Structures are given as C-alpha cells and as structure tokens.
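Asker: Supplied structure: final_39.cif, mmCIF, C-alpha atoms and all ligand atoms.
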data_upload
loop_
_atom_site.label_atom_id
_atom_site.label_comp_id
_atom_site.auth_asym_id
_atom_site.auth_seq_id
_atom_site.Cartn_x
_atom_site.Cartn_y
_atom_site.Cartn_z
CA MET A 183 11.93 15.15 68.52
CA LYS A 184 14.63 15.27 71.19
CA ILE A 185 16.44 12.02 71.95
CA PHE A 186 17.57 11.30 75.52
CA LEU A 187 19.61 8.28 76.62
CA ASP A 188 17.90 6.23 79.33
CA THR A 189 20.91 5.09 81.34
CA ALA A 190 23.10 5.99 84.31
CA ASP A 191 26.18 4.37 82.76
CA VAL A 192 28.74 7.14 82.28
CA ALA A 193 30.91 5.18 79.81
CA GLU A 194 27.88 4.47 77.59
CA ILE A 195 26.82 8.11 77.72
CA ARG A 196 30.33 9.31 76.86
CA GLU A 197 30.52 6.93 73.90
CA TYR A 198 27.17 7.83 72.34
CA ALA A 199 27.15 11.55 73.22
CA ALA A 200 30.17 11.84 70.90
CA SER A 201 27.70 11.45 68.00
CA GLY A 202 26.32 14.91 68.85
CA LEU A 203 22.81 13.40 68.64
CA VAL A 204 22.06 12.98 72.34
CA ASP A 205 19.94 15.84 73.71
CA GLY A 206 19.74 14.68 77.31
CA VAL A 207 19.81 11.77 79.77
CA THR A 208 17.28 10.19 82.10
CA THR A 209 18.27 8.10 85.10
CA ASN A 210 16.25 6.30 87.75
CA PRO A 211 17.12 4.35 90.93
CA SER A 212 17.06 1.00 89.09
CA LEU A 213 19.45 2.26 86.39
CA ALA A 214 21.70 3.80 89.06
CA ALA A 215 21.76 0.52 91.03
CA LYS A 216 22.88 -1.36 87.90
CA THR A 217 26.07 0.74 87.72
CA GLY A 218 27.13 -0.17 91.27
CA ARG A 219 28.46 3.41 91.65
CA ASP A 220 27.62 6.38 93.86
CA TYR A 221 24.55 8.03 92.21
CA GLY A 222 25.74 11.59 92.92
CA GLU A 223 29.18 10.91 91.43
CA SER A 224 27.64 9.43 88.28
CA LEU A 225 25.33 12.44 87.92
CA LYS A 226 28.29 14.81 88.28
CA GLU A 227 30.14 13.01 85.49
CA ILE A 228 27.02 12.85 83.28
CA CYS A 229 26.54 16.63 83.67
CA ALA A 230 30.12 17.17 82.55
CA ILE A 231 29.35 15.31 79.31
CA ILE A 232 25.76 16.35 78.55
CA PRO A 233 24.81 20.04 78.35
CA GLY A 234 21.09 19.20 77.95
CA SER A 235 18.61 17.97 80.56
CA VAL A 236 19.86 15.27 82.98
CA SER A 237 17.08 13.72 85.08
CA ALA A 238 18.02 12.80 88.65
CA GLU A 239 15.30 10.90 90.50
CA VAL A 240 14.56 11.49 94.17
CA LEU A 241 14.58 8.40 96.40
CA ALA A 242 12.30 9.77 99.13
CA THR A 243 8.57 9.26 98.78
CA ASP A 244 7.45 12.00 101.20
CA PHE A 245 7.25 15.72 100.37
CA ASP A 246 9.93 16.91 102.83
CA GLY A 247 12.36 14.20 101.78
CA MET A 248 11.79 14.94 98.09
CA MET A 249 12.36 18.66 98.69
CA LYS A 250 15.67 17.97 100.48
CA GLU A 251 16.92 15.48 97.89
CA GLY A 252 15.70 17.54 94.92
CA LYS A 253 17.50 20.65 96.17
CA ALA A 254 20.67 18.61 96.77
CA VAL A 255 20.74 17.08 93.28
CA SER A 256 19.87 20.38 91.62
CA LYS A 257 23.21 21.73 92.92
CA ILE A 258 25.11 19.15 90.86
CA GLY A 259 24.57 21.05 87.61
CA LYS A 260 22.30 23.63 86.04
CA GLN A 261 21.02 20.99 83.61
CA ILE A 262 19.70 18.75 86.40
CA THR A 263 16.00 18.01 86.06
CA ILE A 264 14.56 16.76 89.35
CA LYS A 265 12.56 13.60 88.76
CA VAL A 266 9.63 12.96 91.11
CA PRO A 267 7.02 10.20 91.15
CA LEU A 268 3.42 10.85 90.13
CA THR A 269 1.96 10.90 93.65
CA TRP A 270 0.31 13.66 95.70
CA ASP A 271 3.60 14.35 97.47
CA GLY A 272 5.45 14.18 94.14
CA LEU A 273 3.16 16.74 92.50
CA LYS A 274 3.31 18.98 95.56
CA ALA A 275 7.11 18.88 95.30
CA CYS A 276 6.83 19.46 91.53
CA LYS A 277 4.78 22.60 92.15
CA ALA A 278 7.29 23.86 94.73
CA PHE A 279 10.35 23.15 92.55
CA SER A 280 8.79 24.64 89.40
CA SER A 281 7.77 27.78 91.34
CA GLU A 282 11.46 28.19 92.19
CA GLY A 283 12.36 27.90 88.49
CA LEU A 284 13.77 24.37 88.79
CA GLN A 285 13.10 21.81 86.03
CA VAL A 286 10.98 18.80 86.99
CA ASN A 287 10.34 15.47 85.27
CA VAL A 288 7.25 13.69 86.65
CA THR A 289 7.77 9.96 86.28
CA LEU A 290 5.66 6.78 86.50
CA CYS A 291 2.79 8.21 84.46
CA PHE A 292 0.26 5.62 83.29
CA SER A 293 -2.87 7.66 82.57
CA PRO A 294 -3.83 10.82 80.64
CA VAL A 295 -5.45 12.37 83.73
CA GLN A 296 -2.27 11.82 85.75
CA ALA A 297 -0.43 13.67 82.97
CA MET A 298 -2.91 16.54 83.10
CA MET A 299 -2.39 16.89 86.87
CA ALA A 300 1.41 16.89 86.42
CA ALA A 301 1.09 19.69 83.84
CA LYS A 302 -1.06 21.67 86.29
CA ALA A 303 1.74 21.21 88.86
CA GLY A 304 4.15 22.89 86.43
CA ALA A 305 6.10 19.83 85.27
CA THR A 306 8.76 20.51 82.65
CA PHE A 307 8.45 16.92 81.42
CA ILE A 308 5.87 14.16 81.89
CA SER A 309 7.14 10.59 81.51
CA PRO A 310 4.48 8.14 80.28
CA PHE A 311 5.86 4.58 80.45
CA ILE A 312 4.79 3.15 77.12
CA GLY A 313 6.59 -0.21 77.34
CA ARG A 314 5.16 -1.01 80.77
CA VAL A 315 1.64 -0.11 79.53
CA ASP A 316 2.11 -2.46 76.54
CA ASP A 317 3.38 -5.14 78.96
CA ILE A 318 -0.02 -5.32 80.67
CA GLY A 319 -1.83 -5.64 77.34
CA GLU A 320 -2.87 -2.00 77.07
CA ASP A 321 -2.01 0.63 74.45
CA GLY A 322 1.14 2.55 75.39
CA MET A 323 1.07 4.70 72.29
CA GLY A 324 -2.60 5.52 72.86
CA LEU A 325 -1.47 7.04 76.17
CA ILE A 326 0.96 9.35 74.32
CA ARG A 327 -1.77 10.36 71.84
CA ASP A 328 -4.27 11.12 74.63
CA ILE A 329 -1.76 13.23 76.56
CA ARG A 330 -0.84 15.12 73.37
CA ALA A 331 -4.54 15.91 72.75
CA ILE A 332 -5.12 17.09 76.33
CA TYR A 333 -1.99 19.25 76.39
CA ASP A 334 -2.88 20.79 73.02
CA ASN A 335 -6.52 21.39 74.07
CA TYR A 336 -5.40 23.50 77.01
CA GLY A 337 -2.04 24.83 75.85
CA PHE A 338 -0.02 23.04 78.55
CA LYS A 339 3.70 23.59 77.90
CA THR A 340 4.84 20.40 79.69
CA GLU A 341 6.91 18.29 77.29
CA ILE A 342 5.83 14.70 76.67
CA LEU A 343 8.83 12.45 77.30
CA ALA A 344 8.07 8.96 75.99
CA ALA A 345 9.72 6.58 78.48
CA SER A 346 10.03 2.82 78.89
CA VAL A 347 10.89 2.58 75.20
CA ARG A 348 11.65 -0.98 74.12
CA HIS A 349 12.32 -0.81 70.35
CA VAL A 350 12.71 1.44 67.31
CA GLN A 351 9.00 1.14 66.46
CA HIS A 352 8.22 2.86 69.76
CA VAL A 353 10.46 5.78 68.73
CA ARG A 354 8.79 6.03 65.31
CA GLU A 355 5.28 5.90 66.74
CA ALA A 356 6.07 8.33 69.56
CA ALA A 357 7.41 10.81 67.01
CA LEU A 358 4.26 10.40 64.90
CA ALA A 359 2.07 10.82 67.97
CA GLY A 360 3.76 14.13 68.78
CA ALA A 361 5.92 13.21 71.78
CA ASP A 362 8.47 15.97 72.38
CA VAL A 363 11.18 13.60 73.60
CA SER A 364 11.93 9.88 73.56
CA THR A 365 14.26 8.52 76.21
CA ILE A 366 15.79 5.33 74.95
CA PRO A 367 18.19 2.63 76.12
CA VAL A 368 21.53 2.49 74.32
CA SER A 369 20.51 -0.82 72.68
CA VAL A 370 17.68 1.03 70.87
CA PHE A 371 19.82 4.15 70.16
CA LYS A 372 22.29 1.96 68.25
CA GLN A 373 19.49 0.63 66.05
CA LEU A 374 18.04 4.02 65.10
CA LEU A 375 20.13 4.25 61.92
CA SER A 376 20.03 0.57 60.96
CA HIS A 377 18.53 -0.36 57.63
CA PRO A 378 19.68 -3.28 55.46
CA LEU A 379 19.25 -1.22 52.28
CA THR A 380 21.57 1.48 53.67
CA ASP A 381 24.28 -1.17 54.26
CA LYS A 382 23.70 -2.79 50.89
CA GLY A 383 23.66 0.55 49.05
CA LEU A 384 26.84 1.77 50.72
CA ALA A 385 28.67 -1.46 49.93
CA ALA A 386 27.68 -1.04 46.26
CA PHE A 387 28.87 2.61 46.16
CA VAL A 388 32.22 1.66 47.70
CA ALA A 389 32.69 -1.26 45.29
CA ASP A 390 31.69 0.80 42.22
CA ALA A 391 34.04 3.65 43.17
CA LYS A 392 36.92 1.18 43.48
CA LYS A 393 36.07 -0.55 40.20
CA GLY A 394 35.72 2.72 38.26
CA ASN A 395 38.74 4.29 39.98
CA VAL A 396 36.54 7.18 41.21
CA THR A 397 38.46 9.41 43.66
CA ILE A 398 38.10 12.72 45.51
CA LYS A 399 41.24 14.82 45.89
CA THR A 400 41.67 16.08 49.49
C1 LIG B 501 12.89 6.79 82.31
O1 LIG B 501 12.71 7.92 82.63
C2 LIG B 501 12.17 5.65 82.92
O2 LIG B 501 12.51 5.53 84.28
C3 LIG B 501 12.52 4.40 82.14
O3 LIG B 501 12.33 4.68 80.76
C4 LIG B 501 11.72 3.18 82.56
O4 LIG B 501 11.99 2.14 81.65
P1 LIG B 501 11.64 0.60 81.95
O5 LIG B 501 10.17 0.45 81.94
O6 LIG B 501 12.28 -0.14 80.82
O7 LIG B 501 12.26 0.28 83.28
#
Spell out the structure here as structure tokens.

Answerer:
Amino acid sequence: MKIFLDTADVAEIREYAASGLVDGVTTNPSLAAKTGRDYGESLKEICAIIPGSVSAEVLATDFDGMMKEGKAVSKIGKQITIKVPLTWDGLKACKAFSSEGLQVNVTLCFSPVQAMMAAKAGATFISPFIGRVDDIGEDGMGLIRDIRAIYDNYGFKTEILAASVRHVQHVREAALAGADVSTIPVSVFKQLLSHPLTDKGLAAFVADAKKGNVTIKT
C-alpha cells in the first residue's frame, strides 16, 4: 500500500519525506489555510520534495472555475494530481482532465455509488473519508470494502485512497480491505512503527551487546 502524507505543511513534509517512505502528499483548502501561506507557493515547494503524486484541490465549485484552476495548478509540477469534489461539475471536470491525460483525485466520497461514478469519470484516485463516516456512527471501513468489491467486479483502475484517517488501526484495516493508498496525518505517520516490544527488545539487545563486549568492526 502506498502511504501519502495528508498535510500542506512543507517543513513537516520535508522532515518525514527524508525517511524515503512517503509516496505522495494530499492537501485540501483546510490544510492549506492552517499553514497561513500562499497555496501555490506551498505546492511548488512540496513538488520539489516529493516526486510522487501531490494532490492540489480546486477552490471553485463550478465546472469552468474548476477547469481554470485545475489547469493552473497542473503547471506547478508533473506530479500534481488535480483534486475535485464529488459533484456533477466535479465529475465533469474529472472526465475532461483525465481525457487530457491529467491525474485527478475525486474527494469527499461517502458512498460506494459515488465512487463508481468517479471511476466512470476516469478518476486516478477516489478519496473515501473513513474518519468522517465513522464520526456519524457509520462504517468507514465498510465503505472501503464496498468500493474495492465494485472496482474489482468491473475492473475499474481508479486507485482507492483511504482519506480522513484518524489512527493506526485505520491504516491496518484499510490495507486489509485492499485500499491502494492511505493518506495520513503526520501524527499517525509517526506512530506507524511504534510497538512497545520493539523498544523493549532493542534496549535488551543494546544492553546485552555492551555487557558481552560484542562489537562490529567498521
Ligand atoms: C485528504 O485528501 C482529505 O481531504 C483529508 O484526509 C480529510 O481529513 P479530515 O476528515 O481529517 O479533515
């Protein structure tokens, strides 16, 4: 499964991309607003760090506006994926962008049928918001499983990008459910490797090596 960072914070992206384990980045207007910076400038800097997909969300809600903004952001870097909302205008723009060979991430997906329509519009990625589905007492992971089944039934190539991820369990379950990508906040990325037995085991290895004078010549 590919791991994307769900942030528009360039410093955070630079820090964690150094691990070599970040396959892409997703941004949205709320994340961009949090940085207090010019969105276009941040995207430029993110593209200089991340060679993989970088989602840039349009702000317009009408077809013409989305087309203008999508074309503008796509010039920032070849890895830009234009992010459009799951509306009629959004899917119309998705169809137009994908016909021109541009990558599109269709966002704000809350139902399997919405995801099917986005795939028909040629989306590169579909973003089901699992955390927000859980928040209203429904089954976010069930949404991923249903989309996986529909895409496999019909051979849709659209990648399932599990979004609105709140904790490591979401990443584990999304991977088991066959999501192609999880986009995760840095707080969750940092926890992906955490296990108390790893820490305990490493401390014991270090202590035993010291005690037994075990060395490696370099
Ligand atoms: C990413 O593409 C989405 O915009 C993001 O994951 C939404 O997350 P939230 O529900 O925590 O705002």

Asker: Ligand LIG 501 (chain B): which residues are within 7 Å, counting all atoms listed in the file, as a list in words?

Answerer: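 Sorted by chain and then by number, the residues are Asp188, Thr208, Thr209, Asn210, Thr289, Ser309, Phe311, Gly313, Arg314, Ala345, Ser346, Val347, Arg348, Thr365 and Ile366 of chain A.
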
Asker: What's the 10 Å shell around Arg196 of chain A, counting all atoms listed in the file, without same-chain residues fewer than 5 positions away, as a PDB file with C-alpha atoms, keeping the file's coordinate frame?

Answerer:
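result17.pdb, freshly written:
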ATOM      1  CA  ASP A 191      26.180   4.370  82.760  1.00  0.00           C
ATOM      2  CA  SER A 201      27.700  11.450  68.000  1.00  0.00           C
ATOM      3  CA  GLU A 227      30.140  13.010  85.490  1.00  0.00           C
ATOM      4  CA  ILE A 228      27.020  12.850  83.280  1.00  0.00           C
ATOM      5  CA  ALA A 230      30.120  17.170  82.550  1.00  0.00           C
ATOM      6  CA  ILE A 231      29.350  15.310  79.310  1.00  0.00           C
ATOM      7  CA  ILE A 232      25.760  16.350  78.550  1.00  0.00           C
TER       8      ILE A 232
END

Asker: Ranking A:Ser235, A:Pro310, A:Phe245, A:Val192 by minimum distance to Arg219 of chain A and counting only C-alpha atoms, which one comes first?

Answerer: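 Closest to Arg219 of chain A, using only C-alpha atoms: A:Val192.
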
Asker: Which value, in Å to one decimal, gives the distance between atom CA of Trp270 of chain A and atom CA of Gly283 of chain A?

Answerer: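 Interatomic distance, atom CA of Trp270 of chain A to atom CA of Gly283 of chain A: 20.0 Å.
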
Asker: Could you name the residues that touch Met183 of chain A at 8 Å or less, counting all atoms listed in the file, but leaving out those on the same chain fewer than 5 positions away, as a VMD selection string?

Answerer: chain A and resid 357 361 to 364

Asker: May I have the residues within 12 Å of Lys257 of chain A as JSON, numbers by chain, using all atoms listed in the file and disregarding those fewer than 6 positions away in the same chain?

Answerer: {"A": [222, 225, 226, 229, 238, 250, 251, 263, 264, 284]}

Asker: Can you tell me which residues surround Thr306 of chain A at a distance of at most 12 Å, considering all atoms listed in the file, apart from same-chain residues fewer than 5 positions away, and format the answer as JSON, numbers by chain?

Answerer: {"A": [235, 237, 262, 263, 264, 265, 266, 273, 276, 277, 279, 280, 281, 283, 284, 285, 286, 287, 288, 289, 297, 300, 301, 338, 339, 340, 341, 342, 343, 362, 363]}

Asker: Can you list, as a list in words, every protein, DNA or RNA residue that comes within 12 Å of segment 375-380 of chain A when you count all atoms listed in the file, leaving out same-chain residues fewer than 4 positions away?

Answerer: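 The neighbour list is Leu203, Val350, Val353, Arg354, Ser369, Val370, Phe371, Leu384, Ala385, Ala386 and Phe387 of chain A.
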
Asker: If you keep all heavy atoms, can you output segment 295-310 of chain A as a compact mmCIF listing (two decimals), in the first residue's frame?

Answerer:
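After the write, selection.txt holds the following:
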# COMPACT_ATOMS: atom_id res chain seq x y z
N VAL A 295 -21.58 4.12 -4.49
CA VAL A 295 -22.07 4.51 -5.81
C VAL A 295 -21.38 5.80 -6.29
O VAL A 295 -21.04 5.94 -7.47
CB VAL A 295 -23.61 4.64 -5.80
CG1 VAL A 295 -24.12 5.22 -7.12
CG2 VAL A 295 -24.24 3.27 -5.58
N GLN A 296 -21.13 6.72 -5.36
CA GLN A 296 -20.36 7.91 -5.73
C GLN A 296 -19.00 7.48 -6.29
O GLN A 296 -18.52 8.01 -7.30
CB GLN A 296 -20.11 8.80 -4.50
CG GLN A 296 -21.30 9.58 -3.99
CD GLN A 296 -20.90 10.46 -2.80
OE1 GLN A 296 -20.14 10.05 -1.92
NE2 GLN A 296 -21.41 11.68 -2.78
N ALA A 297 -18.39 6.50 -5.62
CA ALA A 297 -17.06 6.03 -6.05
C ALA A 297 -17.12 5.39 -7.43
O ALA A 297 -16.21 5.54 -8.25
CB ALA A 297 -16.51 5.04 -5.03
N MET A 298 -18.21 4.67 -7.71
CA MET A 298 -18.36 4.05 -9.02
C MET A 298 -18.46 5.14 -10.10
O MET A 298 -17.83 5.04 -11.17
CB MET A 298 -19.61 3.17 -9.05
CG MET A 298 -19.80 2.44 -10.36
SD MET A 298 -21.19 1.31 -10.30
CE MET A 298 -22.55 2.45 -10.39
N MET A 299 -19.21 6.19 -9.82
CA MET A 299 -19.37 7.27 -10.79
C MET A 299 -18.03 7.99 -11.03
O MET A 299 -17.72 8.36 -12.17
CB MET A 299 -20.43 8.27 -10.31
CG MET A 299 -21.82 7.67 -10.16
SD MET A 299 -22.41 6.89 -11.67
CE MET A 299 -23.02 8.33 -12.55
N ALA A 300 -17.25 8.16 -9.97
CA ALA A 300 -15.93 8.81 -10.13
C ALA A 300 -15.03 7.95 -11.01
O ALA A 300 -14.29 8.48 -11.85
CB ALA A 300 -15.29 9.03 -8.76
N ALA A 301 -15.10 6.63 -10.84
CA ALA A 301 -14.28 5.74 -11.66
C ALA A 301 -14.72 5.85 -13.12
O ALA A 301 -13.88 5.90 -14.03
CB ALA A 301 -14.42 4.30 -11.17
N LYS A 302 -16.03 5.93 -13.35
CA LYS A 302 -16.54 6.08 -14.72
C LYS A 302 -16.06 7.40 -15.34
O LYS A 302 -15.93 7.49 -16.56
CB LYS A 302 -18.07 6.00 -14.74
CG LYS A 302 -18.60 4.59 -14.51
CD LYS A 302 -20.11 4.57 -14.38
CE LYS A 302 -20.82 4.86 -15.68
NZ LYS A 302 -20.63 3.81 -16.69
N ALA A 303 -15.83 8.40 -14.48
CA ALA A 303 -15.35 9.70 -14.98
C ALA A 303 -13.83 9.70 -15.18
O ALA A 303 -13.25 10.74 -15.51
CB ALA A 303 -15.77 10.81 -14.01
N GLY A 304 -13.20 8.55 -14.94
CA GLY A 304 -11.76 8.44 -15.23
C GLY A 304 -10.85 8.90 -14.11
O GLY A 304 -9.68 9.24 -14.35
N ALA A 305 -11.38 8.93 -12.86
CA ALA A 305 -10.54 9.36 -11.73
C ALA A 305 -9.30 8.49 -11.59
O ALA A 305 -9.38 7.27 -11.74
CB ALA A 305 -11.36 9.32 -10.44
N THR A 306 -8.18 9.11 -11.28
CA THR A 306 -6.96 8.36 -10.96
C THR A 306 -7.11 7.79 -9.54
O THR A 306 -6.75 6.65 -9.28
CB THR A 306 -5.73 9.30 -11.01
OG1 THR A 306 -5.82 10.13 -12.15
CG2 THR A 306 -4.43 8.50 -11.01
N PHE A 307 -7.61 8.65 -8.64
CA PHE A 307 -7.82 8.25 -7.24
C PHE A 307 -9.25 8.62 -6.83
O PHE A 307 -9.77 9.65 -7.25
CB PHE A 307 -6.89 9.03 -6.30
CG PHE A 307 -5.42 8.82 -6.54
CD1 PHE A 307 -4.67 9.78 -7.20
CD2 PHE A 307 -4.76 7.68 -6.08
CE1 PHE A 307 -3.31 9.61 -7.43
CE2 PHE A 307 -3.40 7.50 -6.29
CZ PHE A 307 -2.67 8.47 -6.97
N ILE A 308 -9.81 7.79 -5.94
CA ILE A 308 -11.06 8.15 -5.26
C ILE A 308 -10.73 8.24 -3.77
O ILE A 308 -10.03 7.38 -3.25
CB ILE A 308 -12.19 7.12 -5.51
CG1 ILE A 308 -13.50 7.56 -4.82
CG2 ILE A 308 -11.83 5.72 -5.01
CD1 ILE A 308 -14.15 8.76 -5.43
N SER A 309 -11.21 9.32 -3.14
CA SER A 309 -10.90 9.53 -1.71
C SER A 309 -12.13 9.34 -0.83
O SER A 309 -12.88 10.30 -0.57
CB SER A 309 -10.34 10.94 -1.49
OG SER A 309 -9.05 11.07 -2.03
N PRO A 310 -12.36 8.11 -0.33
CA PRO A 310 -13.42 7.91 0.67
C PRO A 310 -12.92 8.40 2.03
O PRO A 310 -11.80 8.09 2.43
CB PRO A 310 -13.62 6.38 0.67
CG PRO A 310 -12.62 5.81 -0.27
CD PRO A 310 -11.68 6.87 -0.70
